[in-house]
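*Asks:* Sharing query_20.cif here; it has mmCIF, C-alpha atoms.
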```cif
data_target
loop_
_atom_site.label_atom_id
_atom_site.label_comp_id
_atom_site.auth_asym_id
_atom_site.auth_seq_id
_atom_site.Cartn_x
_atom_site.Cartn_y
_atom_site.Cartn_z
CA MET W 1 3.44 -16.86 -8.79
CA SER W 2 2.18 -18.43 -5.54
CA ALA W 3 0.31 -16.38 -2.98
CA PRO W 4 3.16 -16.48 -0.40
CA ALA W 5 5.70 -15.35 -3.02
CA THR W 6 3.36 -12.62 -4.23
CA ALA W 7 2.82 -11.38 -0.69
CA LYS W 8 6.59 -10.88 -0.27
CA ALA W 9 7.13 -9.18 -3.65
CA GLY W 10 7.54 -5.43 -4.01
CA LEU W 11 4.38 -3.34 -4.03
CA GLY W 12 5.32 -1.54 -7.25
CA GLY W 13 5.87 2.02 -8.46
CA GLY W 14 2.18 2.74 -8.88
CA PHE W 15 1.53 2.04 -5.24
CA GLY W 16 4.59 4.11 -4.36
CA ARG W 17 3.09 7.15 -6.08
CA LEU W 18 -0.24 6.65 -4.32
CA TRP W 19 1.67 6.27 -1.05
CA SER W 20 3.55 9.54 -1.70
CA ALA W 21 0.29 11.36 -2.42
CA ALA W 22 -1.15 9.98 0.81
CA ILE W 23 1.93 11.09 2.77
CA ALA W 24 1.62 14.68 1.52
CA SER W 25 -2.11 14.68 2.24
CA ASN W 26 -1.55 13.22 5.70
CA LEU W 27 1.01 15.92 6.42
CA ALA W 28 -1.61 18.54 5.61
CA ASP W 29 -4.29 16.65 7.54
CA GLY W 30 -2.09 16.27 10.62
CA ILE W 31 -1.24 19.95 10.78
CA GLY W 32 -4.85 20.97 10.19
CA ARG W 33 -6.38 18.50 12.65
CA THR W 34 -4.11 19.75 15.41
CA ALA W 35 -4.36 23.43 14.56
CA VAL W 36 -8.15 23.65 14.18
CA PRO W 37 -9.05 22.55 17.76
CA LEU W 38 -6.32 24.83 19.13
CA ILE W 39 -7.71 27.70 17.09
CA ALA W 40 -11.16 26.85 18.44
CA THR W 41 -9.91 27.18 22.02
CA THR W 42 -9.09 30.83 21.25
CA LEU W 43 -12.76 31.34 20.32
CA THR W 44 -14.47 29.28 23.07
CA ARG W 45 -13.72 27.06 26.08
CA ASP W 46 -17.09 25.29 26.05
CA PRO W 47 -16.46 21.49 25.88
CA ALA W 48 -19.71 20.98 23.96
CA LEU W 49 -18.71 23.47 21.26
CA ILE W 50 -15.21 21.98 20.99
CA ALA W 51 -16.70 18.48 20.72
CA GLY W 52 -19.18 19.82 18.17
CA LEU W 53 -16.27 20.89 16.01
CA THR W 54 -14.95 17.33 16.09
CA ALA W 55 -18.44 16.09 15.26
CA VAL W 56 -18.58 18.29 12.17
CA THR W 57 -15.37 16.59 11.01
CA PHE W 58 -17.30 13.33 10.65
CA LEU W 59 -20.61 14.82 9.49
CA PRO W 60 -19.57 14.81 5.80
CA TRP W 61 -19.36 11.02 5.91
CA LEU W 62 -23.03 10.95 6.85
CA LEU W 63 -24.03 13.51 4.22
CA PHE W 64 -21.61 12.78 1.38
CA GLY W 65 -20.13 9.32 2.01
CA ILE W 66 -22.45 7.46 -0.37
CA PRO W 67 -22.48 10.18 -3.09
CA ALA W 68 -18.67 10.22 -2.92
CA GLY W 69 -18.60 6.44 -3.40
CA MET W 70 -20.99 6.70 -6.35
CA LEU W 71 -18.76 9.36 -7.89
CA LEU W 72 -15.63 7.25 -7.48
CA ASP W 73 -17.23 4.28 -9.22
CA ARG W 74 -17.95 6.49 -12.26
CA VAL W 75 -14.93 8.74 -12.81
CA ASP W 76 -11.16 8.66 -13.08
CA ARG W 77 -10.21 8.39 -9.43
CA ARG W 78 -7.02 10.43 -9.91
CA VAL W 79 -9.04 13.43 -11.03
CA ALA W 80 -11.46 13.02 -8.13
CA MET W 81 -8.59 12.94 -5.63
CA ALA W 82 -6.94 16.00 -7.20
CA VAL W 83 -10.16 18.04 -7.09
CA ALA W 84 -10.83 16.97 -3.49
CA ASN W 85 -7.45 18.13 -2.22
CA GLY W 86 -7.69 21.26 -4.33
CA LEU W 87 -10.85 22.09 -2.41
CA ARG W 88 -9.11 21.47 0.90
CA PHE W 89 -6.26 23.80 -0.13
CA ALA W 90 -8.80 26.56 -0.84
CA VAL W 91 -10.49 26.08 2.54
CA ALA W 92 -7.17 26.19 4.41
CA ALA W 93 -6.31 29.45 2.68
CA LEU W 94 -9.75 30.85 3.56
CA VAL W 95 -9.32 30.07 7.28
CA ALA W 96 -5.87 31.66 7.28
CA LEU W 97 -7.27 34.81 5.68
CA LEU W 98 -10.14 34.97 8.18
CA ILE W 99 -7.63 34.74 11.02
CA ALA W 100 -5.44 37.42 9.47
CA THR W 101 -8.41 39.81 9.18
CA ASP W 102 -9.71 38.94 12.66
CA ALA W 103 -12.97 37.79 11.06
CA LEU W 104 -12.95 34.14 12.19
CA THR W 105 -15.78 32.97 14.47
CA ILE W 106 -16.51 29.54 15.90
CA TRP W 107 -19.40 29.21 13.47
CA SER W 108 -17.36 30.11 10.38
CA LEU W 109 -14.76 27.61 11.60
CA TYR W 110 -17.53 25.01 11.76
CA GLY W 111 -18.40 25.71 8.12
CA CYS W 112 -14.79 25.44 6.97
CA VAL W 113 -14.31 22.15 8.81
CA LEU W 114 -17.41 20.82 7.05
CA LEU W 115 -15.85 21.69 3.68
CA PHE W 116 -12.57 20.06 4.73
CA GLY W 117 -14.54 16.92 5.47
CA LEU W 118 -16.25 16.97 2.09
CA GLY W 119 -12.87 16.76 0.39
CA GLU W 120 -11.81 14.03 2.79
CA THR W 121 -14.76 11.78 1.89
CA VAL W 122 -13.57 11.74 -1.71
CA PHE W 123 -9.81 11.55 -1.18
CA ASP W 124 -9.77 8.90 1.56
CA ASN W 125 -12.38 6.77 -0.18
CA ALA W 126 -10.42 6.95 -3.43
CA THR W 127 -7.20 5.91 -1.69
CA THR W 128 -8.93 2.79 -0.39
CA THR W 129 -10.51 1.91 -3.73
CA VAL W 130 -7.38 2.45 -5.86
CA THR W 131 -5.10 0.30 -3.69
CA PRO W 132 -6.55 -3.11 -4.76
CA SER W 133 -5.85 -2.27 -8.42
CA LEU W 134 -2.19 -1.51 -7.66
CA VAL W 135 -1.22 -4.57 -5.59
CA ALA W 136 -2.07 -8.27 -5.48
CA ARG W 137 -4.70 -9.51 -3.06
CA ALA W 138 -2.08 -11.35 -1.05
CA GLN W 139 -0.32 -8.00 -0.56
CA LEU W 140 -3.34 -6.05 0.74
CA ASP W 141 -2.48 -6.45 4.43
CA ARG W 142 1.05 -5.21 3.78
CA ALA W 143 -0.13 -2.34 1.56
CA ASN W 144 -2.71 -1.24 4.13
CA GLY W 145 -0.13 -1.52 6.89
CA ARG W 146 2.27 0.68 4.94
CA MET W 147 -0.43 3.27 4.24
CA GLN W 148 -1.46 3.39 7.89
CA SER W 149 2.14 3.47 9.12
CA ALA W 150 2.84 6.46 6.89
CA GLU W 151 -0.31 8.18 8.14
CA ILE W 152 0.67 7.66 11.76
CA VAL W 153 4.30 8.71 11.31
CA VAL W 154 3.48 11.82 9.30
CA GLN W 155 0.50 12.97 11.36
CA ASN W 156 1.74 12.11 14.84
CA PHE W 157 5.52 12.43 14.64
CA ILE W 158 5.92 15.18 12.07
CA ALA W 159 2.76 17.18 11.38
CA THR W 160 1.19 17.28 14.83
CA PRO W 161 4.28 18.41 16.82
CA ILE W 162 5.06 20.98 14.12
CA ALA W 163 1.50 22.28 14.26
CA GLY W 164 1.68 22.89 18.00
CA PHE W 165 4.85 24.94 17.73
CA LEU W 166 3.62 26.79 14.63
CA PHE W 167 0.38 27.66 16.42
CA ALA W 168 2.39 29.08 19.33
CA ALA W 169 4.37 31.21 16.87
CA ALA W 170 1.45 32.45 14.74
CA ILE W 171 -2.14 31.19 14.73
CA ALA W 172 -2.54 31.26 10.94
CA LEU W 173 0.83 29.71 10.07
CA PRO W 174 -0.27 26.04 10.38
CA LEU W 175 -3.11 26.68 7.90
CA TRP W 176 -0.74 27.91 5.19
CA LEU W 177 1.38 24.76 5.54
CA THR W 178 -1.78 22.66 5.49
CA GLY W 179 -2.71 24.16 2.13
CA ALA W 180 0.78 23.55 0.75
CA GLY W 181 0.61 19.88 1.72
CA PHE W 182 -2.66 19.42 -0.15
CA LEU W 183 -1.20 21.02 -3.29
CA ILE W 184 1.83 18.70 -3.22
CA SER W 185 -0.53 15.75 -2.83
CA VAL W 186 -2.41 16.83 -5.97
CA LEU W 187 0.83 16.67 -7.99
CA PHE W 188 1.56 13.12 -6.82
CA VAL W 189 -2.02 11.99 -7.41
CA LEU W 190 -1.85 12.94 -11.07
CA THR W 191 1.12 10.55 -11.58
CA ILE W 192 -0.83 7.45 -10.52
CA PRO W 193 -1.20 5.05 -13.48
CA VAL W 194 -4.35 5.71 -15.49
CA ALA W 195 -5.09 1.98 -15.69
CA ALA W 196 -5.28 1.76 -11.90
CA ALA W 197 -7.36 4.91 -11.50
CA ARG W 198 -9.84 3.65 -14.13
CA ALA W 199 -9.61 -0.10 -13.50
CA HIS W 200 -13.21 -0.14 -12.25
CA GLN W 201 -14.31 1.24 -15.63
CA LEU W 202 -12.39 -1.27 -17.75
CA GLY W 203 -12.96 -4.92 -18.54
CA ALA W 204 -10.44 -7.73 -18.31
CA GLU W 205 -9.11 -6.95 -21.80
CA GLY W 206 -8.81 -3.23 -21.19
CA GLY W 207 -12.09 -2.41 -22.90
CA GLU W 208 -15.23 -0.99 -21.38
CA ALA W 209 -16.49 -2.95 -18.40
CA ALA W 210 -19.83 -4.65 -18.15
CA ALA W 211 -22.81 -2.73 -16.82
CA ARG W 212 -22.01 -1.16 -13.46
CA PRO W 213 -24.01 -2.63 -10.56
CA ARG W 214 -26.69 -0.25 -9.33
CA LEU W 215 -26.59 1.17 -5.82
CA GLY W 216 -29.39 -1.18 -4.76
CA ALA W 217 -27.27 -4.16 -5.84
CA VAL W 218 -24.37 -2.88 -3.74
CA VAL W 219 -26.64 -2.51 -0.72
CA ARG W 220 -27.98 -6.05 -1.24
CA PHE W 221 -24.44 -7.40 -1.55
CA LEU W 222 -23.47 -5.92 1.81
CA TRP W 223 -26.74 -6.97 3.44
CA ASP W 224 -26.78 -10.53 2.09
CA ASP W 225 -23.26 -11.27 3.33
CA ARG W 226 -24.06 -12.13 6.93
CA PHE W 227 -20.50 -11.65 8.14
CA LEU W 228 -20.13 -8.23 6.52
CA ARG W 229 -23.52 -7.11 7.80
CA LYS W 230 -22.68 -7.94 11.39
CA MET W 231 -19.19 -6.49 11.15
CA ILE W 232 -20.51 -3.20 9.79
CA VAL W 233 -22.89 -2.93 12.74
CA LEU W 234 -20.12 -3.81 15.20
CA THR W 235 -17.62 -1.31 13.78
CA SER W 236 -20.29 1.40 13.58
CA ILE W 237 -21.06 1.15 17.29
CA THR W 238 -17.36 0.88 18.13
CA ALA W 239 -16.54 4.00 16.13
CA SER W 240 -19.31 5.90 17.87
CA ALA W 241 -18.09 4.80 21.30
CA LEU W 242 -14.53 5.91 20.53
CA ALA W 243 -15.78 9.23 19.16
CA PHE W 244 -17.94 9.72 22.26
CA ALA W 245 -14.81 9.33 24.37
CA GLN W 246 -12.45 11.56 22.43
CA GLY W 247 -14.47 14.58 21.34
CA SER W 248 -13.01 16.89 24.00
CA VAL W 249 -9.53 15.39 24.16
CA VAL W 250 -7.83 18.74 23.54
CA LEU W 251 -9.45 20.12 26.71
CA LEU W 252 -8.42 16.99 28.62
CA LEU W 253 -4.81 17.69 27.66
CA LEU W 254 -4.98 21.42 28.37
CA GLN W 255 -7.04 21.40 31.57
CA THR W 256 -6.92 18.00 33.28
CA TYR W 257 -3.29 17.33 32.34
CA ALA W 258 -2.36 21.07 32.42
CA LEU W 259 -0.29 20.92 29.23
CA PRO W 260 0.69 24.13 27.40
CA PRO W 261 -0.69 24.33 23.82
CA SER W 262 2.80 23.99 22.34
CA LEU W 263 3.14 20.49 23.86
CA VAL W 264 -0.18 19.11 22.62
CA GLY W 265 1.48 17.95 19.41
CA VAL W 266 4.36 16.36 21.31
CA VAL W 267 1.98 14.38 23.52
CA THR W 268 0.03 13.32 20.45
CA ALA W 269 3.30 12.04 18.98
CA VAL W 270 3.89 9.95 22.10
CA ILE W 271 0.39 8.50 21.78
CA GLY W 272 1.02 7.93 18.09
CA ALA W 273 4.02 5.77 18.92
CA GLY W 274 1.61 3.09 20.06
CA ALA W 275 -0.36 3.39 16.84
CA LEU W 276 2.81 3.21 14.75
CA VAL W 277 3.96 -0.01 16.40
CA GLY W 278 0.50 -1.48 15.81
CA ALA W 279 0.45 -0.54 12.13
CA LEU W 280 3.97 -1.85 11.53
CA ILE W 281 3.42 -5.27 13.07
CA ALA W 282 -0.25 -5.82 12.16
CA SER W 283 0.34 -7.73 8.91
CA GLY W 284 2.95 -9.92 10.62
CA LEU W 285 0.54 -10.66 13.46
CA VAL W 286 -2.15 -11.66 10.95
CA ALA W 287 0.27 -13.99 9.17
CA ARG W 288 1.33 -15.64 12.43
CA PHE W 289 -1.84 -15.78 14.52
CA GLY W 290 -4.66 -15.43 12.00
CA ARG W 291 -6.94 -12.56 11.09
CA GLY W 292 -9.74 -13.42 13.51
CA ARG W 293 -7.58 -13.69 16.63
CA VAL W 294 -5.72 -10.49 15.80
CA MET W 295 -8.91 -8.50 15.21
CA TYR W 296 -10.47 -9.82 18.43
CA VAL W 297 -7.49 -8.93 20.62
CA ALA W 298 -7.05 -5.57 18.86
CA ILE W 299 -10.56 -4.37 19.60
CA LEU W 300 -10.23 -5.45 23.24
CA VAL W 301 -6.93 -3.57 23.55
CA SER W 302 -8.36 -0.42 21.97
CA GLY W 303 -11.27 -0.36 24.40
CA ALA W 304 -9.10 -1.13 27.43
CA GLY W 305 -6.70 1.68 26.54
CA ILE W 306 -9.47 4.28 26.19
CA LEU W 307 -11.05 3.05 29.43
CA GLY W 308 -7.69 3.44 31.16
CA VAL W 309 -7.49 7.11 30.16
CA GLY W 310 -10.71 7.74 32.03
CA LEU W 311 -9.67 5.86 35.13
CA THR W 312 -6.60 7.96 35.93
CA GLY W 313 -5.90 11.61 36.57
CA ASN W 314 -2.15 11.14 36.19
CA ALA W 315 -0.85 12.62 32.93
CA VAL W 316 1.85 9.98 32.34
CA ALA W 317 -0.49 7.06 33.05
CA GLY W 318 -3.22 8.59 30.91
CA ILE W 319 -0.93 9.16 27.95
CA LEU W 320 0.45 5.61 28.17
CA ALA W 321 -3.08 4.21 28.31
CA TYR W 322 -3.97 6.31 25.29
CA ALA W 323 -0.95 4.90 23.42
CA PHE W 324 -2.11 1.37 24.34
CA GLY W 325 -5.54 2.10 22.87
CA ALA W 326 -3.96 3.63 19.77
CA PHE W 327 -1.97 0.43 19.30
CA GLY W 328 -5.19 -1.60 19.29
CA VAL W 329 -6.96 0.69 16.81
CA ALA W 330 -4.01 0.59 14.40
CA VAL W 331 -3.74 -3.20 14.53
CA TRP W 332 -7.49 -3.49 13.91
CA ASN W 333 -7.56 -1.17 10.91
CA VAL W 334 -5.03 -3.12 8.84
CA PRO W 335 -6.74 -6.56 8.63
CA TRP W 336 -10.25 -5.07 8.58
CA GLY W 337 -9.36 -2.77 5.70
CA ALA W 338 -7.71 -5.55 3.71
CA LEU W 339 -10.64 -7.88 4.32
CA ARG W 340 -13.16 -5.40 2.90
CA GLN W 341 -10.99 -4.78 -0.15
CA ALA W 342 -10.68 -8.52 -0.81
CA ILE W 343 -14.38 -9.36 -0.36
CA VAL W 344 -16.03 -6.49 -2.25
CA PRO W 345 -15.77 -6.55 -6.09
CA GLY W 346 -13.80 -3.65 -7.56
CA ALA W 347 -16.68 -2.35 -9.69
CA MET W 348 -18.71 -1.56 -6.56
CA LEU W 349 -15.91 -0.90 -4.07
CA GLY W 350 -16.29 2.90 -4.12
CA ARG W 351 -20.00 2.79 -3.30
CA ALA W 352 -19.55 -0.07 -0.85
CA MET W 353 -16.92 1.87 1.07
CA GLY W 354 -19.13 4.95 0.95
CA ILE W 355 -21.99 2.98 2.47
CA VAL W 356 -19.77 1.32 5.09
CA ARG W 357 -18.26 4.62 6.17
CA THR W 358 -21.59 6.42 6.08
CA ILE W 359 -23.01 3.82 8.46
CA GLY W 360 -19.80 3.51 10.47
CA TRP W 361 -19.22 7.21 10.91
CA GLY W 362 -22.78 8.43 10.48
CA LEU W 363 -23.49 8.21 14.20
CA THR W 364 -20.11 9.67 15.10
CA PRO W 365 -21.18 13.35 15.07
CA ILE W 366 -24.05 12.61 17.44
CA ALA W 367 -21.83 10.51 19.71
CA THR W 368 -19.15 13.21 19.75
CA VAL W 369 -21.60 15.95 20.74
CA LEU W 370 -23.09 13.75 23.46
CA GLY W 371 -19.59 13.05 24.74
CA GLY W 372 -18.97 16.79 24.86
CA PHE W 373 -21.98 17.36 27.08
CA VAL W 374 -20.91 14.50 29.36
CA ALA W 375 -17.43 16.07 29.49
CA ARG W 376 -18.99 19.11 31.16
CA ILE W 377 -19.39 16.87 34.21
CA ASP W 378 -15.83 15.50 34.07
CA LEU W 379 -13.46 15.47 31.09
CA ARG W 380 -12.48 11.87 31.88
CA LEU W 381 -16.01 10.46 32.10
CA PRO W 382 -16.54 10.05 28.31
CA PHE W 383 -13.41 7.88 28.20
CA VAL W 384 -14.78 5.60 30.92
CA ILE W 385 -18.12 5.20 29.13
CA GLY W 386 -16.72 4.90 25.60
CA GLY W 387 -13.92 2.50 26.51
CA GLY W 388 -16.26 0.37 28.58
CA ILE W 389 -18.68 0.06 25.66
CA VAL W 390 -15.90 -1.08 23.29
CA VAL W 391 -14.69 -3.76 25.71
CA ALA W 392 -18.23 -5.02 26.23
CA LEU W 393 -18.87 -5.14 22.47
CA ALA W 394 -15.69 -7.16 21.90
CA LEU W 395 -16.73 -9.73 24.48
CA ILE W 396 -20.25 -10.00 23.07
CA ALA W 397 -18.95 -10.40 19.49
CA THR W 398 -16.21 -12.92 20.28
CA ARG W 399 -17.48 -15.61 17.87
CA LEU W 400 -18.06 -13.13 15.07
CA LEU W 401 -14.57 -11.64 15.36
CA LEU W 402 -12.84 -15.01 15.50
CA SER W 403 -14.73 -16.10 12.36
CA ALA W 404 -12.89 -13.37 10.41
CA GLY W 405 -10.04 -15.86 10.10
CA SER W 406 -11.98 -18.10 7.71
CA TYR W 407 -13.02 -15.10 5.62
CA GLY W 408 -9.41 -13.96 5.47
CA ARG W 409 -8.20 -17.34 4.16
CA ALA W 410 -10.96 -17.46 1.54
CA ALA W 411 -10.26 -13.94 0.31
CA ALA W 412 -6.52 -14.46 0.12
CA SER W 413 -6.89 -17.67 -1.89
CA ASP W 414 -9.30 -16.22 -4.45
CA ASP W 415 -6.61 -14.60 -6.59
CA ALA W 416 -2.95 -13.83 -6.10
CA ASP W 417 -2.98 -11.31 -8.95
CA PRO W 418 -4.15 -7.71 -8.77
CA SER W 419 -7.89 -7.29 -8.37
CA PRO W 420 -9.73 -6.35 -11.61
CA GLU W 421 -10.88 -3.22 -10.33
CA VAL W 422 -7.29 2.22 5.80
CA GLN W 423 -9.23 9.58 12.71
CA THR W 424 -5.93 8.84 13.72
CA ILE W 425 -5.43 8.71 17.36
CA PRO W 426 -6.31 10.90 19.18
CA GLU W 427 -9.35 11.13 16.93
CA GLY W 428 -8.74 7.40 16.32
CA THR W 429 -11.97 5.73 15.27
CA ALA W 430 -11.97 2.17 14.01
CA SER W 431 -12.59 2.77 10.36
#
```
Mind converting the file's structure to structure tokens?

*Replies:*
Amino acid sequence: MSAPATAKAGLGGGFGRLWSAAIASNLADGIGRTAVPLIATTLTRDPALIAGLTAVTFLPWLLFGIPAGMLLDRVDRRVAMAVANGLRFAVAALVALLIATDALTIWSLYGCVLLFGLGETVFDNATTTVTPSLVARAQLDRANGRMQSAEIVVQNFIATPIAGFLFAAAIALPLWLTGAGFLISVLFVLTIPVAAARAHQLGAEGGEAAARPRLGAVVRFLWDDRFLRKMIVLTSITASALAFAQGSVVLLLLQTYALPPSLVGVVTAVIGAGALVGALIASGLVARFGRGRVMYVAILVSGAGILGVGLTGNAVAGILAYAFGAFGVAVWNVPWGALRQAIVPGAMLGRAMGIVRTIGWGLTPIATVLGGFVARIDLRLPFVIGGGIVVALALIATRLLLSAGSYGRAAASDDADPSPEVQTIPEGTAS
């Protein structure tokens, strides 16, 4: 089957089960990510402490990103995903119990968020590494677009609005639903085909694979590929700039825009509309205009949108600018995610993604905390600085970004068959 015909074919039942597991997990994530900052505002109103809570969300990628990747290259990825979301269910239940007994403090909330993040490093990494073994290479853009579209719809249009209203009704209620979502995800995960979950452990004939590349070989692979090396640096700085801007976004909505807590989820849904449109049309844009041009414009748009939030004090204008930036981030994530999956061999994809995300999100906690301290001056100032940095980076890296088109064509033409083995807005980092 030719590459164009393969690209248009169905993605298959195996991918559908992975997609369902991701939807359930995203439902839990969306409720939890909205509820936790709102819960934190009942414990403190210090922008630095609120931003610190967001920073702790990304800290596990610095501490556990590479170990999680090493784990996923060694074990059945279904089991790893099930254990990870089982852990997140237990943490959600713990937070709910602490609230019910009036024993929750900002510091215990920090610890629980850290444990949430530990489970996320395994589950999200596994989702990325299993996808190439379920679909053909020519379908990766479409598969990543569908995964990201589901994430945006579930988190922004379903989970986040629900979380705001649930929080207004009872502080602990969103946590119980978060735990339920993680349990449902575990059930779907266990139905993913064994061959896909263990493809990295099997050879072409279904037997044991050749010796697994060592971690040093994975590092050398990423370093020796000049394009990948530069892109990892670019996305790392971009992610940090976006995190710097958005660490205290909940206070921006509550104080600068004077929104009641019950409407935070609704506003997030409006912002998510921009991200949804971006995720839905990203693969089509790549097919029509080329990967490099799409990635270049997307990163410019994301920076311009975040910058716009900081340049206005009007709630409507700020929310629309935020949606514009969310559109850019979503468009970026689809081709960049597919490109990494196509370039990196399946046997090292788990560790490679662990390294990429450790580098990409490793600076995020520091950037988020710094943004929180800057927000003490003005809650809009981090958006001006962060958005301005992203726009400047895009202009500096114009040639690099446009060259992604040639890499995209090479990766897509390598093999039309399945490989032998993508912080939403408002958190919204370029992953």

*Asks:* Find the nearest atom pair between each residue of range 346-405 of chain W and range 243-254 of chain W for residues within 8 Å, count only C-alpha atoms, give distances in Å to one decimal, sort rows by chain and ascending number, and present the table as JSON lines.

*Replies:*
```
{"residue": "W:Thr364", "atom": "CA", "partner": "W:Ala243", "partner_atom": "CA", "distance": 6.0}
{"residue": "W:Pro365", "atom": "CA", "partner": "W:Ala243", "partner_atom": "CA", "distance": 7.9}
{"residue": "W:Ala367", "atom": "CA", "partner": "W:Phe244", "partner_atom": "CA", "distance": 4.7}
{"residue": "W:Thr368", "atom": "CA", "partner": "W:Phe244", "partner_atom": "CA", "distance": 4.5}
{"residue": "W:Val369", "atom": "CA", "partner": "W:Gly247", "partner_atom": "CA", "distance": 7.3}
{"residue": "W:Leu370", "atom": "CA", "partner": "W:Phe244", "partner_atom": "CA", "distance": 6.6}
{"residue": "W:Gly371", "atom": "CA", "partner": "W:Phe244", "partner_atom": "CA", "distance": 4.5}
{"residue": "W:Gly372", "atom": "CA", "partner": "W:Ser248", "partner_atom": "CA", "distance": 6.0}
{"residue": "W:Ala375", "atom": "CA", "partner": "W:Ser248", "partner_atom": "CA", "distance": 7.1}
{"residue": "W:Leu379", "atom": "CA", "partner": "W:Leu252", "partner_atom": "CA", "distance": 5.8}
{"residue": "W:Arg380", "atom": "CA", "partner": "W:Leu252", "partner_atom": "CA", "distance": 7.3}
{"residue": "W:Leu381", "atom": "CA", "partner": "W:Ala245", "partner_atom": "CA", "distance": 7.9}
{"residue": "W:Pro382", "atom": "CA", "partner": "W:Ala245", "partner_atom": "CA", "distance": 4.4}
{"residue": "W:Phe383", "atom": "CA", "partner": "W:Ala245", "partner_atom": "CA", "distance": 4.3}
{"residue": "W:Val384", "atom": "CA", "partner": "W:Ala245", "partner_atom": "CA", "distance": 7.5}
{"residue": "W:Ile385", "atom": "CA", "partner": "W:Ala245", "partner_atom": "CA", "distance": 7.1}
{"residue": "W:Gly386", "atom": "CA", "partner": "W:Ala245", "partner_atom": "CA", "distance": 5.0}
{"residue": "W:Gly387", "atom": "CA", "partner": "W:Ala245", "partner_atom": "CA", "distance": 7.2}
```

*Asks:* Which residue out of W:Ile184, W:Val270, W:Val233, W:Gly362 has the minimum interatomic distance to Ala24 in chain W when all atoms listed in the file are used?

*Replies:*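 With all atoms listed in the file as the atom set, the closest residue is W:Ile184.
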
*Asks:* Quick one: residues within 12 Å of Leu97 in chain W, only C-alpha atoms counted, chain neighbours fewer than 5 positions away excluded, as a list of chain:residue names?

*Replies:*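 The residues that qualify are W:Ala90, W:Val91, W:Ala92, W:Asp102, W:Ala103, W:Leu104, W:Leu109, W:Ile171, W:Ala172, W:Leu173, W:Leu175, W:Trp176.
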
*Asks:* Quote the spacing between CA of Ile377 in chain W and CA of Pro47 in chain W in Å to one decimal place.

*Replies:*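 Between CA of Ile377 in chain W and CA of Pro47 in chain W the gap works out to 10.0 Å.
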
*Asks:* Can you measure CA of Val309 in chain W to CA of Ala321 in chain W for me? One decimal in Å is fine.

*Replies:*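 So the two atoms, CA of Val309 in chain W and CA of Ala321 in chain W, lie 5.6 Å apart.
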
*Asks:* Might you pull out every residue within 6 Å of range 28-43 of chain W, with all atoms listed in the file counted and same-chain residues fewer than 5 positions away left off, and present them as a list in words?

*Replies:*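 Surrounding residues, per the criterion: Gln155, Ala159, Thr160, Ala163, Thr178, Gly181 and Phe182 of chain W.
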
*Asks:* Would you output that residue set with C-alpha atoms, as a PDB file, in the frame of the given file?

*Replies:*
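Output saved as part_15.pdb:
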```pdb
ATOM      1  CA  GLN W 155       0.500  12.970  11.360  1.00  0.00           C
ATOM      2  CA  ALA W 159       2.760  17.180  11.380  1.00  0.00           C
ATOM      3  CA  THR W 160       1.190  17.280  14.830  1.00  0.00           C
ATOM      4  CA  ALA W 163       1.500  22.280  14.260  1.00  0.00           C
ATOM      5  CA  THR W 178      -1.780  22.660   5.490  1.00  0.00           C
ATOM      6  CA  GLY W 181       0.610  19.880   1.720  1.00  0.00           C
ATOM      7  CA  PHE W 182      -2.660  19.420  -0.150  1.00  0.00           C
TER       8      PHE W 182
END
```

*Asks:* With a distance cut-off of 8 Å and all atoms listed in the file, select the neighbouring residues of range 78-87 of chain W, excluding the residue or stretch itself and same-chain residues fewer than 5 positions from it, and output the selection as a VMD selection string.

*Replies:* chain W and resid 25 72 115 to 116 118 to 120 122 to 123 126 182 to 183 185 to 187 189 to 190 192 194 197

*Asks:* Just write the chosen residues, C-alpha atoms, as a compact mmCIF listing (two decimals), keeping the file's coordinate frame.

*Replies:*
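Final output, out28.txt:
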```txt
# COMPACT_ATOMS: atom_id res chain seq x y z
CA SER W 25 -2.11 14.68 2.24
CA LEU W 72 -15.63 7.25 -7.48
CA LEU W 115 -15.85 21.69 3.68
CA PHE W 116 -12.57 20.06 4.73
CA LEU W 118 -16.25 16.97 2.09
CA GLY W 119 -12.87 16.76 0.39
CA GLU W 120 -11.81 14.03 2.79
CA VAL W 122 -13.57 11.74 -1.71
CA PHE W 123 -9.81 11.55 -1.18
CA ALA W 126 -10.42 6.95 -3.43
CA PHE W 182 -2.66 19.42 -0.15
CA LEU W 183 -1.20 21.02 -3.29
CA SER W 185 -0.53 15.75 -2.83
CA VAL W 186 -2.41 16.83 -5.97
CA LEU W 187 0.83 16.67 -7.99
CA VAL W 189 -2.02 11.99 -7.41
CA LEU W 190 -1.85 12.94 -11.07
CA ILE W 192 -0.83 7.45 -10.52
CA VAL W 194 -4.35 5.71 -15.49
CA ALA W 197 -7.36 4.91 -11.50
```

*Asks:* Using only C-alpha atoms, which residue out of W:Phe188, W:Tyr296, W:Trp361, W:Phe165 lies closest to Leu18 in chain W?

*Replies:*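 Of all the options, W:Phe188 lies closest to Leu18 in chain W.
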
*Asks:* Work out how far CA of Leu395 in chain W is from CA of Gly145 in chain W, in Å to one decimal.

*Replies:*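 Atom-to-atom, CA of Gly145 in chain W and CA of Leu395 in chain W are spaced 25.5 Å apart.
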
*Asks:* I need the residue set behind the PyMOL selection byres ((chain W and resi 306) around 6) for this file; please write it as a PyMOL selection string.

*Replies:* chain W and resi 303-305+307-309+322+325+383+387

*Asks:* Pull out every residue that the PyMOL selection byres ((chain W and resi 132) around 8) matches in the shown coordinates and put them as a ChimeraX atom specification.

*Replies:* /W:128-131,133-137,140,341-342,346,418-419,421
